[in-house]
>>> print(open('start-v9.cif').read())   # mmCIF, C-alpha atoms, pLDDT in the B column; chains and numbers go by the auth columns
data_model
loop_
_atom_site.group_PDB
_atom_site.id
_atom_site.type_symbol
_atom_site.label_atom_id
_atom_site.label_comp_id
_atom_site.label_asym_id
_atom_site.label_seq_id
_atom_site.Cartn_x
_atom_site.Cartn_y
_atom_site.Cartn_z
_atom_site.B_iso_or_equiv
_atom_site.auth_seq_id
_atom_site.auth_asym_id
ATOM 1 C CA MET A 1 72.050 57.350 -89.551 48.00 254 A
ATOM 2 C CA SER A 2 70.246 60.503 -90.687 51.00 255 A
ATOM 3 C CA MET A 3 71.213 63.970 -89.462 48.00 256 A
ATOM 4 C CA PHE A 4 67.827 64.244 -87.729 47.00 257 A
ATOM 5 C CA ALA A 5 68.474 61.037 -85.766 49.00 258 A
ATOM 6 C CA PHE A 6 71.944 62.247 -84.754 43.00 259 A
ATOM 7 C CA LEU A 7 70.593 65.592 -83.534 45.00 260 A
ATOM 8 C CA TYR A 8 67.733 63.863 -81.700 48.00 261 A
ATOM 9 C CA LYS A 9 70.119 61.559 -79.819 51.00 262 A
ATOM 10 C CA ARG A 10 72.400 64.483 -78.973 50.00 263 A
ATOM 11 C CA HIS A 11 69.437 66.516 -77.693 52.00 264 A
ATOM 12 C CA LYS A 12 68.201 63.539 -75.661 53.00 265 A
ATOM 13 C CA MET A 13 71.589 63.090 -73.960 52.00 266 A
ATOM 14 C CA LYS A 14 71.790 66.797 -73.119 54.00 267 A
ATOM 15 C CA ARG A 15 68.309 66.682 -71.583 56.00 268 A
ATOM 16 C CA ILE A 16 69.169 63.677 -69.396 52.00 269 A
ATOM 17 C CA ILE A 17 72.393 65.345 -68.211 50.00 270 A
ATOM 18 C CA CYS A 18 70.477 68.541 -67.383 53.00 271 A
ATOM 19 C CA ILE A 19 67.914 66.554 -65.358 52.00 272 A
ATOM 20 C CA ILE A 20 70.635 64.777 -63.361 50.00 273 A
ATOM 21 C CA VAL A 21 72.499 68.040 -62.686 47.00 274 A
ATOM 22 C CA ALA A 22 69.261 69.780 -61.638 51.00 275 A
ATOM 23 C CA CYS A 23 68.438 66.989 -59.178 48.00 276 A
ATOM 24 C CA ILE A 24 71.938 67.167 -57.655 44.00 277 A
ATOM 25 C CA LEU A 25 71.756 70.954 -57.312 43.00 278 A
ATOM 26 C CA ALA A 26 68.293 70.695 -55.744 46.00 279 A
ATOM 27 C CA LEU A 27 69.382 68.351 -52.943 43.00 280 A
ATOM 28 C CA PRO A 28 70.798 71.083 -50.653 41.00 281 A
ATOM 29 C CA ILE A 29 67.612 73.114 -51.149 41.00 282 A
ATOM 30 C CA MET A 30 65.474 70.115 -50.193 40.00 283 A
ATOM 31 C CA VAL A 31 67.417 69.472 -47.007 38.00 284 A
ATOM 32 C CA ASN A 32 68.011 73.122 -46.044 39.00 285 A
ATOM 33 C CA GLY A 33 65.685 74.279 -43.290 36.00 286 A
ATOM 34 C CA GLN A 34 64.683 70.726 -42.420 39.00 287 A
ATOM 35 C CA ASP A 35 65.790 68.575 -39.489 42.00 288 A
ATOM 36 C CA ALA A 36 69.386 67.934 -40.530 37.00 289 A
ATOM 37 C CA SER A 37 70.065 65.379 -37.805 44.00 290 A
ATOM 38 C CA THR A 38 71.129 61.979 -39.080 46.00 291 A
ATOM 39 C CA VAL A 39 68.928 58.971 -38.525 44.00 292 A
ATOM 40 C CA LYS A 40 69.680 57.079 -35.338 50.00 293 A
ATOM 41 C CA ALA A 41 68.653 53.520 -34.676 46.00 294 A
ATOM 42 C CA GLY A 42 65.590 53.474 -32.462 48.00 295 A
ATOM 43 C CA GLU A 43 64.738 57.158 -32.979 50.00 296 A
ATOM 44 C CA THR A 44 61.050 57.743 -32.240 45.00 297 A
ATOM 45 C CA LEU A 45 58.760 59.446 -34.732 46.00 298 A
ATOM 46 C CA SER A 46 55.574 61.287 -33.855 55.00 299 A
ATOM 47 C CA GLY A 47 53.640 59.065 -36.287 63.00 300 A
ATOM 48 C CA SER A 48 53.679 58.880 -40.085 74.00 301 A
ATOM 49 C CA SER A 49 49.951 58.797 -40.820 78.00 302 A
ATOM 50 C CA GLY A 50 48.946 61.750 -43.004 81.00 303 A
ATOM 51 C CA LEU A 51 52.461 62.700 -44.110 88.00 304 A
ATOM 52 C CA ILE A 52 52.703 64.338 -47.549 94.00 305 A
ATOM 53 C CA SER A 53 55.965 64.206 -49.486 95.00 306 A
ATOM 54 C CA LEU A 54 57.118 65.480 -52.876 96.00 307 A
ATOM 55 C CA GLY A 55 59.676 63.640 -54.998 96.00 308 A
ATOM 56 C CA PHE A 56 61.620 63.961 -58.242 96.00 309 A
ATOM 57 C CA ARG A 57 62.599 60.779 -60.050 96.00 310 A
ATOM 58 C CA SER A 58 64.809 59.430 -62.809 95.00 311 A
ATOM 59 C CA SER A 59 63.492 56.375 -64.684 93.00 312 A
ATOM 60 C CA ILE A 60 64.758 53.593 -66.919 92.00 313 A
ATOM 61 C CA SER A 61 62.326 51.425 -68.913 89.00 314 A
ATOM 62 C CA MET A 62 63.870 48.115 -70.001 82.00 315 A
ATOM 63 C CA PHE A 63 62.955 45.904 -72.983 63.00 316 A
ATOM 64 C CA ASN A 64 60.010 48.002 -74.216 59.00 317 A
ATOM 65 C CA ASP A 65 57.546 45.679 -75.967 56.00 318 A
ATOM 66 C CA GLY A 66 60.035 42.828 -75.559 51.00 319 A
ATOM 67 C CA ASP A 67 62.926 44.651 -77.269 54.00 320 A
ATOM 68 C CA TRP A 68 66.155 45.017 -75.247 50.00 321 A
ATOM 69 C CA ASN A 69 67.492 47.507 -77.815 55.00 322 A
ATOM 70 C CA SER A 70 64.816 50.109 -77.077 72.00 323 A
ATOM 71 C CA VAL A 71 65.689 50.987 -73.491 84.00 324 A
ATOM 72 C CA GLY A 72 63.871 54.158 -72.470 88.00 325 A
ATOM 73 C CA THR A 73 65.184 56.847 -70.132 91.00 326 A
ATOM 74 C CA GLY A 74 63.492 59.858 -68.610 94.00 327 A
ATOM 75 C CA ALA A 75 62.354 61.681 -65.517 95.00 328 A
ATOM 76 C CA GLY A 76 59.232 62.508 -63.566 95.00 329 A
ATOM 77 C CA GLY A 77 57.839 63.157 -60.136 95.00 330 A
ATOM 78 C CA GLN A 78 55.493 61.889 -57.467 96.00 331 A
ATOM 79 C CA ILE A 79 53.452 62.931 -54.476 96.00 332 A
ATOM 80 C CA ARG A 80 53.105 60.497 -51.584 96.00 333 A
ATOM 81 C CA VAL A 81 50.307 60.516 -49.027 95.00 334 A
ATOM 82 C CA GLN A 82 50.875 58.081 -46.155 92.00 335 A
ATOM 83 C CA LEU A 83 47.770 56.393 -44.746 92.00 336 A
ATOM 84 C CA SER A 84 49.357 54.583 -41.784 88.00 337 A
ATOM 85 C CA ASP A 85 52.726 53.418 -40.441 86.00 338 A
ATOM 86 C CA ASN A 86 52.618 50.438 -42.823 90.00 339 A
ATOM 87 C CA VAL A 87 50.742 51.800 -45.869 93.00 340 A
ATOM 88 C CA ASN A 88 51.749 54.642 -48.178 95.00 341 A
ATOM 89 C CA THR A 89 50.325 55.846 -51.510 97.00 342 A
ATOM 90 C CA GLU A 90 52.258 57.258 -54.471 97.00 343 A
ATOM 91 C CA TRP A 91 50.789 59.389 -57.289 97.00 344 A
ATOM 92 C CA PHE A 92 53.305 59.683 -60.133 96.00 345 A
ATOM 93 C CA TYR A 93 54.125 61.010 -63.613 96.00 346 A
ATOM 94 C CA ASP A 94 56.929 59.764 -65.907 95.00 347 A
ATOM 95 C CA TYR A 95 58.187 61.027 -69.278 96.00 348 A
ATOM 96 C CA LEU A 96 60.494 58.624 -71.141 94.00 349 A
ATOM 97 C CA THR A 97 62.146 58.494 -74.571 92.00 350 A
ATOM 98 C CA ALA A 98 63.630 55.522 -76.469 89.00 351 A
ATOM 99 C CA ASN A 99 65.054 54.727 -79.888 88.00 352 A
ATOM 100 C CA VAL A 100 63.322 52.414 -82.363 86.00 353 A
ATOM 101 C CA GLY A 101 66.293 51.178 -84.359 82.00 354 A
ATOM 102 C CA ASP A 102 68.115 54.119 -85.964 84.00 355 A
ATOM 103 C CA TYR A 103 65.125 55.307 -87.981 89.00 356 A
ATOM 104 C CA ALA A 104 62.455 56.209 -85.387 90.00 357 A
ATOM 105 C CA HIS A 105 61.947 57.037 -81.720 90.00 358 A
ATOM 106 C CA ARG A 106 59.180 56.823 -79.158 89.00 359 A
ATOM 107 C CA THR A 107 58.047 58.852 -76.167 92.00 360 A
ATOM 108 C CA ASP A 108 55.991 57.431 -73.310 91.00 361 A
ATOM 109 C CA GLU A 109 54.074 59.236 -70.594 94.00 362 A
ATOM 110 C CA HIS A 110 52.899 57.388 -67.475 93.00 363 A
ATOM 111 C CA ILE A 111 50.385 58.806 -65.056 95.00 364 A
ATOM 112 C CA GLY A 112 49.111 56.634 -62.234 96.00 365 A
ATOM 113 C CA TRP A 113 49.222 55.545 -58.621 96.00 366 A
ATOM 114 C CA SER A 114 50.709 52.819 -56.427 97.00 367 A
ATOM 115 C CA VAL A 115 50.185 51.494 -52.910 97.00 368 A
ATOM 116 C CA LEU A 116 53.357 50.929 -50.882 97.00 369 A
ATOM 117 C CA PHE A 117 53.216 48.330 -48.099 96.00 370 A
ATOM 118 C CA TYR A 118 55.963 48.201 -45.471 94.00 371 A
ATOM 119 C CA PRO A 119 56.205 44.548 -44.311 91.00 372 A
ATOM 120 C CA PHE A 120 58.386 45.215 -41.270 86.00 373 A
ATOM 121 C CA VAL A 121 56.502 46.815 -38.387 73.00 374 A
ATOM 122 C CA THR A 122 58.578 49.639 -36.886 71.00 375 A
ATOM 123 C CA HIS A 123 56.087 50.797 -34.203 68.00 376 A
ATOM 124 C CA GLY A 124 56.790 54.430 -35.064 66.00 377 A
ATOM 125 C CA MET A 125 60.579 54.010 -34.958 76.00 378 A
ATOM 126 C CA MET A 126 62.705 55.469 -37.764 78.00 379 A
ATOM 127 C CA THR A 127 65.022 53.105 -39.643 86.00 380 A
ATOM 128 C CA VAL A 128 67.705 53.972 -42.188 91.00 381 A
ATOM 129 C CA ILE A 129 66.626 51.236 -44.640 93.00 382 A
ATOM 130 C CA GLN A 130 62.869 50.869 -45.128 93.00 383 A
ATOM 131 C CA PRO A 131 61.912 48.217 -47.750 95.00 384 A
ATOM 132 C CA TYR A 132 58.450 47.998 -49.271 97.00 385 A
ATOM 133 C CA ILE A 133 56.236 46.035 -51.652 97.00 386 A
ATOM 134 C CA MET A 134 54.275 48.041 -54.216 97.00 387 A
ATOM 135 C CA ALA A 135 51.387 47.552 -56.643 97.00 388 A
ATOM 136 C CA GLY A 136 49.163 49.890 -58.627 96.00 389 A
ATOM 137 C CA HIS A 137 47.752 51.089 -61.931 96.00 390 A
ATOM 138 C CA CYS A 138 48.598 53.688 -64.567 95.00 391 A
ATOM 139 C CA PHE A 139 47.651 55.045 -67.988 94.00 392 A
ATOM 140 C CA ASP A 140 50.276 55.281 -70.734 92.00 393 A
ATOM 141 C CA TYR A 141 50.392 57.519 -73.813 92.00 394 A
ATOM 142 C CA SER A 142 52.938 56.406 -76.442 90.00 395 A
ATOM 143 C CA LEU A 143 54.014 58.348 -79.552 92.00 396 A
ATOM 144 C CA PHE A 144 56.161 56.772 -82.282 92.00 397 A
ATOM 145 C CA THR A 145 57.847 59.233 -84.668 92.00 398 A
ATOM 146 C CA ASP A 146 59.926 58.900 -87.843 92.00 399 A
ATOM 147 C CA ASN A 147 63.414 60.387 -87.278 90.00 400 A
ATOM 148 C CA SER A 148 63.509 61.924 -90.771 89.00 401 A
ATOM 149 C CA ASN A 149 59.874 63.074 -90.905 90.00 402 A
ATOM 150 C CA GLU A 150 58.172 64.184 -87.687 89.00 403 A
ATOM 151 C CA ASN A 151 54.818 64.285 -89.477 91.00 404 A
ATOM 152 C CA ASN A 152 55.022 60.515 -89.926 91.00 405 A
ATOM 153 C CA SER A 153 53.956 59.145 -86.541 91.00 406 A
ATOM 154 C CA ALA A 154 51.607 56.795 -84.700 91.00 407 A
ATOM 155 C CA LYS A 155 50.193 56.973 -81.191 90.00 408 A
ATOM 156 C CA ARG A 156 48.313 54.829 -78.726 88.00 409 A
ATOM 157 C CA TRP A 157 46.768 54.876 -75.263 90.00 410 A
ATOM 158 C CA SER A 158 47.058 51.918 -72.914 89.00 411 A
ATOM 159 C CA SER A 159 46.132 50.898 -69.405 92.00 412 A
ATOM 160 C CA ALA A 160 48.600 49.077 -67.190 92.00 413 A
ATOM 161 C CA VAL A 161 48.996 47.392 -63.827 94.00 414 A
ATOM 162 C CA GLN A 162 52.339 47.232 -62.063 95.00 415 A
ATOM 163 C CA ALA A 163 53.912 45.495 -59.079 96.00 416 A
ATOM 164 C CA GLY A 164 57.392 45.353 -57.607 97.00 417 A
ATOM 165 C CA ILE A 165 59.678 46.078 -54.689 96.00 418 A
ATOM 166 C CA GLY A 166 61.605 49.076 -53.435 96.00 419 A
ATOM 167 C CA THR A 167 63.268 50.729 -50.480 96.00 420 A
ATOM 168 C CA HIS A 168 63.687 54.135 -48.852 95.00 421 A
ATOM 169 C CA ILE A 169 67.041 55.273 -47.529 95.00 422 A
ATOM 170 C CA ASN A 170 66.124 57.745 -44.782 93.00 423 A
ATOM 171 C CA PHE A 171 68.754 60.446 -44.247 93.00 424 A
ATOM 172 C CA THR A 172 66.623 62.678 -42.000 89.00 425 A
ATOM 173 C CA ARG A 173 63.046 62.758 -40.852 84.00 426 A
ATOM 174 C CA GLN A 174 62.213 64.970 -43.834 90.00 427 A
ATOM 175 C CA PHE A 175 64.411 63.577 -46.610 94.00 428 A
ATOM 176 C CA ASN A 176 64.986 60.191 -48.256 95.00 429 A
ATOM 177 C CA ILE A 177 66.289 58.597 -51.428 96.00 430 A
ATOM 178 C CA SER A 178 64.031 55.857 -52.798 97.00 431 A
ATOM 179 C CA SER A 179 64.600 53.204 -55.454 96.00 432 A
ATOM 180 C CA SER A 180 62.150 50.707 -56.910 96.00 433 A
ATOM 181 C CA LEU A 181 61.961 47.993 -59.555 95.00 434 A
ATOM 182 C CA GLN A 182 58.559 47.007 -60.902 95.00 435 A
ATOM 183 C CA TYR A 183 57.061 45.115 -63.815 93.00 436 A
ATOM 184 C CA MET A 184 54.359 46.907 -65.806 91.00 437 A
ATOM 185 C CA ILE A 185 51.856 45.018 -67.988 89.00 438 A
ATOM 186 C CA HIS A 186 50.045 47.201 -70.555 85.00 439 A
ATOM 187 C CA LEU A 187 46.796 46.260 -72.287 84.00 440 A
ATOM 188 C CA SER A 188 46.949 47.905 -75.715 78.00 441 A
ATOM 189 C CA ASN A 189 47.020 47.415 -79.471 78.00 442 A
ATOM 190 C CA ASP A 190 50.679 47.030 -80.413 78.00 443 A
ATOM 191 C CA ILE A 191 52.410 49.385 -82.868 81.00 444 A
ATOM 192 C CA GLY A 192 55.226 48.107 -85.077 79.00 445 A
ATOM 193 C CA ALA A 193 57.792 50.129 -87.049 83.00 446 A
ATOM 194 C CA THR A 194 59.778 49.043 -90.117 84.00 447 A
ATOM 195 C CA ASP A 195 62.260 50.805 -92.396 83.00 448 A
ATOM 196 C CA ASN A 196 61.494 50.015 -96.047 84.00 449 A
ATOM 197 C CA ASN A 197 64.349 51.472 -98.110 80.00 450 A
ATOM 198 C CA GLY A 198 64.384 54.705 -96.136 80.00 451 A
ATOM 199 C CA VAL A 199 60.599 54.917 -95.719 85.00 452 A
ATOM 200 C CA VAL A 200 59.404 54.282 -92.153 89.00 453 A
ATOM 201 C CA VAL A 201 56.087 52.461 -91.942 88.00 454 A
ATOM 202 C CA PHE A 202 54.088 52.181 -88.720 85.00 455 A
ATOM 203 C CA THR A 203 51.578 49.335 -88.410 83.00 456 A
ATOM 204 C CA ARG A 204 48.900 48.994 -85.754 80.00 457 A
ATOM 205 C CA GLN A 205 47.954 45.512 -84.590 77.00 458 A
ATOM 206 C CA SER A 206 44.244 44.766 -84.573 73.00 459 A
ATOM 207 C CA GLY A 207 42.764 43.799 -81.234 66.00 460 A
ATOM 208 C CA LEU A 208 44.312 44.145 -77.791 71.00 461 A
ATOM 209 C CA ASP A 209 47.448 42.489 -76.498 73.00 462 A
ATOM 210 C CA LEU A 210 49.455 42.370 -73.280 78.00 463 A
ATOM 211 C CA VAL A 211 52.896 43.997 -73.495 77.00 464 A
ATOM 212 C CA GLY A 212 55.231 44.441 -70.558 79.00 465 A
ATOM 213 C CA HIS A 213 58.468 46.044 -69.425 84.00 466 A
ATOM 214 C CA LEU A 214 60.590 46.586 -66.335 90.00 467 A
ATOM 215 C CA LEU A 215 60.648 50.083 -64.863 92.00 468 A
ATOM 216 C CA PHE A 216 63.450 51.184 -62.523 94.00 469 A
ATOM 217 C CA ASN A 217 63.146 54.461 -60.579 95.00 470 A
ATOM 218 C CA VAL A 218 65.444 56.428 -58.295 96.00 471 A
ATOM 219 C CA SER A 219 63.895 59.434 -56.545 97.00 472 A
ATOM 220 C CA ALA A 220 64.750 62.176 -54.068 97.00 473 A
ATOM 221 C CA ASN A 221 61.852 62.938 -51.698 96.00 474 A
ATOM 222 C CA PHE A 222 61.188 65.464 -48.974 93.00 475 A
ATOM 223 C CA VAL A 223 58.302 65.807 -46.520 92.00 476 A
ATOM 224 C CA LEU A 224 56.043 68.833 -46.943 92.00 477 A
ATOM 225 C CA GLY A 225 53.994 68.290 -43.802 89.00 478 A
ATOM 226 C CA LYS A 226 50.903 66.534 -42.481 85.00 479 A
ATOM 227 C CA LEU A 227 47.313 66.610 -43.635 79.00 480 A
#
>>> encode(input="start-v9.cif", output="C-alpha cells")
Amino acid sequence: MSMFAFLYKRHKMKRIICIIVACILALPIMVNGQDASTVKAGETLSGSSGLISLGFRSSISMFNDGDWNSVGTGAGGQIRVQLSDNVNTEWFYDYLTANVGDYAHRTDEHIGWSVLFYPFVTHGMMTVIQPYIMAGHCFDYSLFTDNSNENNSAKRWSSAVQAGIGTHINFTRQFNISSSLQYMIHLSNDIGATDNNGVVVFTRQSGLDLVGHLLFNVSANFVLGKL
C-alpha cells in the first residue's frame, strides 16, 4: 500500500470519528429547551401537518456497483416537511467515501428527496416506535481518484430512484432518532478502475447501465416548528 493510501485511510477514519463525536455532543443541545417529557402511550398531539424538522445523519453504502469490498461511509443531513399525519417528505444530502482496492478511492454525493408513508394510523396520538415506508429520487455525483496521483481521476453524474423501510424512535415531541434501509438504483455509465503495474487506469463504459446499492442511515432529528 502506498503512503498516500495509508494517509488517506487514516484521515478518513479521523473524519468519521469526529462526525460521530460531534453528533453525540450535539444531542443535549438539540433536546435542551424542548419538551423534555418522555413519550407516553396514548399522548395526544396537536397535529403533525406542517411540521418542519432538521436532522443529521450517518450513512453506510453497501456493495457499491456490486462490490462488497467497497463499502462507503459518510454523513449528511435532511430537512423534513410533514404533509399530513400519514405522509412526510424528506430532503437530504449525503457525502460518502469508499476504497477501490488499495490503489484508488471514490467519493459520492447524494442530493434528493423521499416520501415517507406511515402505514399505521395513529389519529394524532404519539407512539414511541413509528415505522414507515419510503420512496424517492436523487442525483449522485461520483469521483474516482488514484491514491498515488490525485490528478488521475474520473467522474460521473447519475440519476437514481430509491425505496425502503425505516422507523422513528420518538423520545419527545420535538426529538427522535430515525433509521432506514433502502435500495438505490442508479442510471449511469459505469466507471471501472484497474491497477496495471502501479499505474491506475480508469475506464468509462459506453452507454447507460443500472447499478445499485443498499444505503443504511441513522439520524438524529429535532422539530423546528410549523409552517
>>> atom_distance(input="start-v9.cif", atom1="atom CA of A:Ser433", atom2="atom CA of A:Phe397")
26.8 Å
>>> closest_residue(input="start-v9.cif", among="A:His421, A:Glu403, A:Ala357, A:His390", to="A:Phe370", atoms="all atoms listed in the file")
A:His421
>>> resolve_selection(input="start-v9.cif", expression="the PyMOL selection byres ((chain A and resi 406-409) around 9)", output="ChimeraX atom specification")
/A:393-399,402-405,410-411,441-444,454-457
>>> resolve_selection(input="start-v9.cif", expression="the PyMOL selection byres ((chain A and resi 434) around 9)", output="list in words")
Ala416, Gly417, Ile418, Gly419, Ser432, Ser433, Gln435, Tyr436, Leu467, Leu468, Phe469 and Asn470 of chain A
>>> atom_distance(input="start-v9.cif", atom1="atom CA of A:Ala351", atom2="atom CA of A:Val324")
5.8 Å
>>> residues_around(input="start-v9.cif", residues="A:Ser301", least_positions_apart="5", cutoff="9 Å", atoms="all atoms listed in the file", output="ChimeraX atom specification")
/A:335-339,377,479
>>> write_last_selection(input="start-v9.cif", atoms="C-alpha atoms", output="CSV table (one decimal), keeping the file's coordinate frame")
chain,number,residue,atom,x,y,z
A,335,GLN,CA,50.9,58.1,-46.2
A,336,LEU,CA,47.8,56.4,-44.7
A,337,SER,CA,49.4,54.6,-41.8
A,338,ASP,CA,52.7,53.4,-40.4
A,339,ASN,CA,52.6,50.4,-42.8
A,377,GLY,CA,56.8,54.4,-35.1
A,479,LYS,CA,50.9,66.5,-42.5
>>> resolve_selection(input="start-v9.cif", expression="the PyMOL selection byres ((chain A and resi 353) around 10)", output="compact mmCIF listing (two decimals) with C-alpha atoms, in the coordinates of the input")
# COMPACT_ATOMS: atom_id res chain seq x y z
CA ASN A 317 60.01 48.00 -74.22
CA ASP A 320 62.93 44.65 -77.27
CA ASN A 322 67.49 47.51 -77.82
CA SER A 323 64.82 50.11 -77.08
CA VAL A 324 65.69 50.99 -73.49
CA THR A 350 62.15 58.49 -74.57
CA ALA A 351 63.63 55.52 -76.47
CA ASN A 352 65.05 54.73 -79.89
CA GLY A 354 66.29 51.18 -84.36
CA ASP A 355 68.11 54.12 -85.96
CA TYR A 356 65.12 55.31 -87.98
CA ALA A 357 62.46 56.21 -85.39
CA HIS A 358 61.95 57.04 -81.72
CA ARG A 359 59.18 56.82 -79.16
CA PHE A 397 56.16 56.77 -82.28
CA THR A 398 57.85 59.23 -84.67
CA ASP A 399 59.93 58.90 -87.84
CA ASN A 400 63.41 60.39 -87.28
CA GLY A 445 55.23 48.11 -85.08
CA ALA A 446 57.79 50.13 -87.05
CA THR A 447 59.78 49.04 -90.12
>>> atom_distance(input="start-v9.cif", atom1="atom CA of A:Val334", atom2="atom CA of A:Thr360")
28.3 Å
>>> closest_residue(input="start-v9.cif", among="A:Ser401, A:Thr375, A:Gln458, A:Asn474", to="A:Glu343", atoms="only C-alpha atoms")
A:Asn474
>>> residues_around(input="start-v9.cif", residues="A:Gly327", least_positions_apart="4", cutoff="7 Å", atoms="all atoms listed in the file", output="PyMOL selection string")
chain A and resi 269+311-313+348-350
>>> closest_residue(input="start-v9.cif", among="A:Leu369, A:Ile422, A:Val476, A:Val414", to="A:Leu463", atoms="all atoms listed in the file")
A:Val414
>>> closest_residue(input="start-v9.cif", among="A:Thr420, A:Phe428, A:Asn341, A:Ser302", to="A:Gly389", atoms="only C-alpha atoms")
A:Asn341
>>> closest_residue(input="start-v9.cif", among="A:Met315, A:Val340, A:Phe345, A:Leu477", to="A:Phe373", atoms="all atoms listed in the file")
A:Val340
>>> closest_residue(input="start-v9.cif", among="A:Leu461, A:Tyr371, A:Cys391, A:Thr380", to="A:Thr425", atoms="only C-alpha atoms")
A:Thr380
>>> residues_around(input="start-v9.cif", residues="A:Phe392", least_positions_apart="2", cutoff="7 Å", atoms="all atoms listed in the file", output="list of chain:residue names")
A:His363, A:Ile364, A:Gly365, A:Tyr394, A:Ser411, A:Ser412, A:Ala413
>>> residues_around(input="start-v9.cif", residues="A:Arg310", least_positions_apart="4", cutoff="10 Å", atoms="only C-alpha atoms", output="ChimeraX atom specification")
/A:272-273,276,327-331,345-347,430-432,469-474
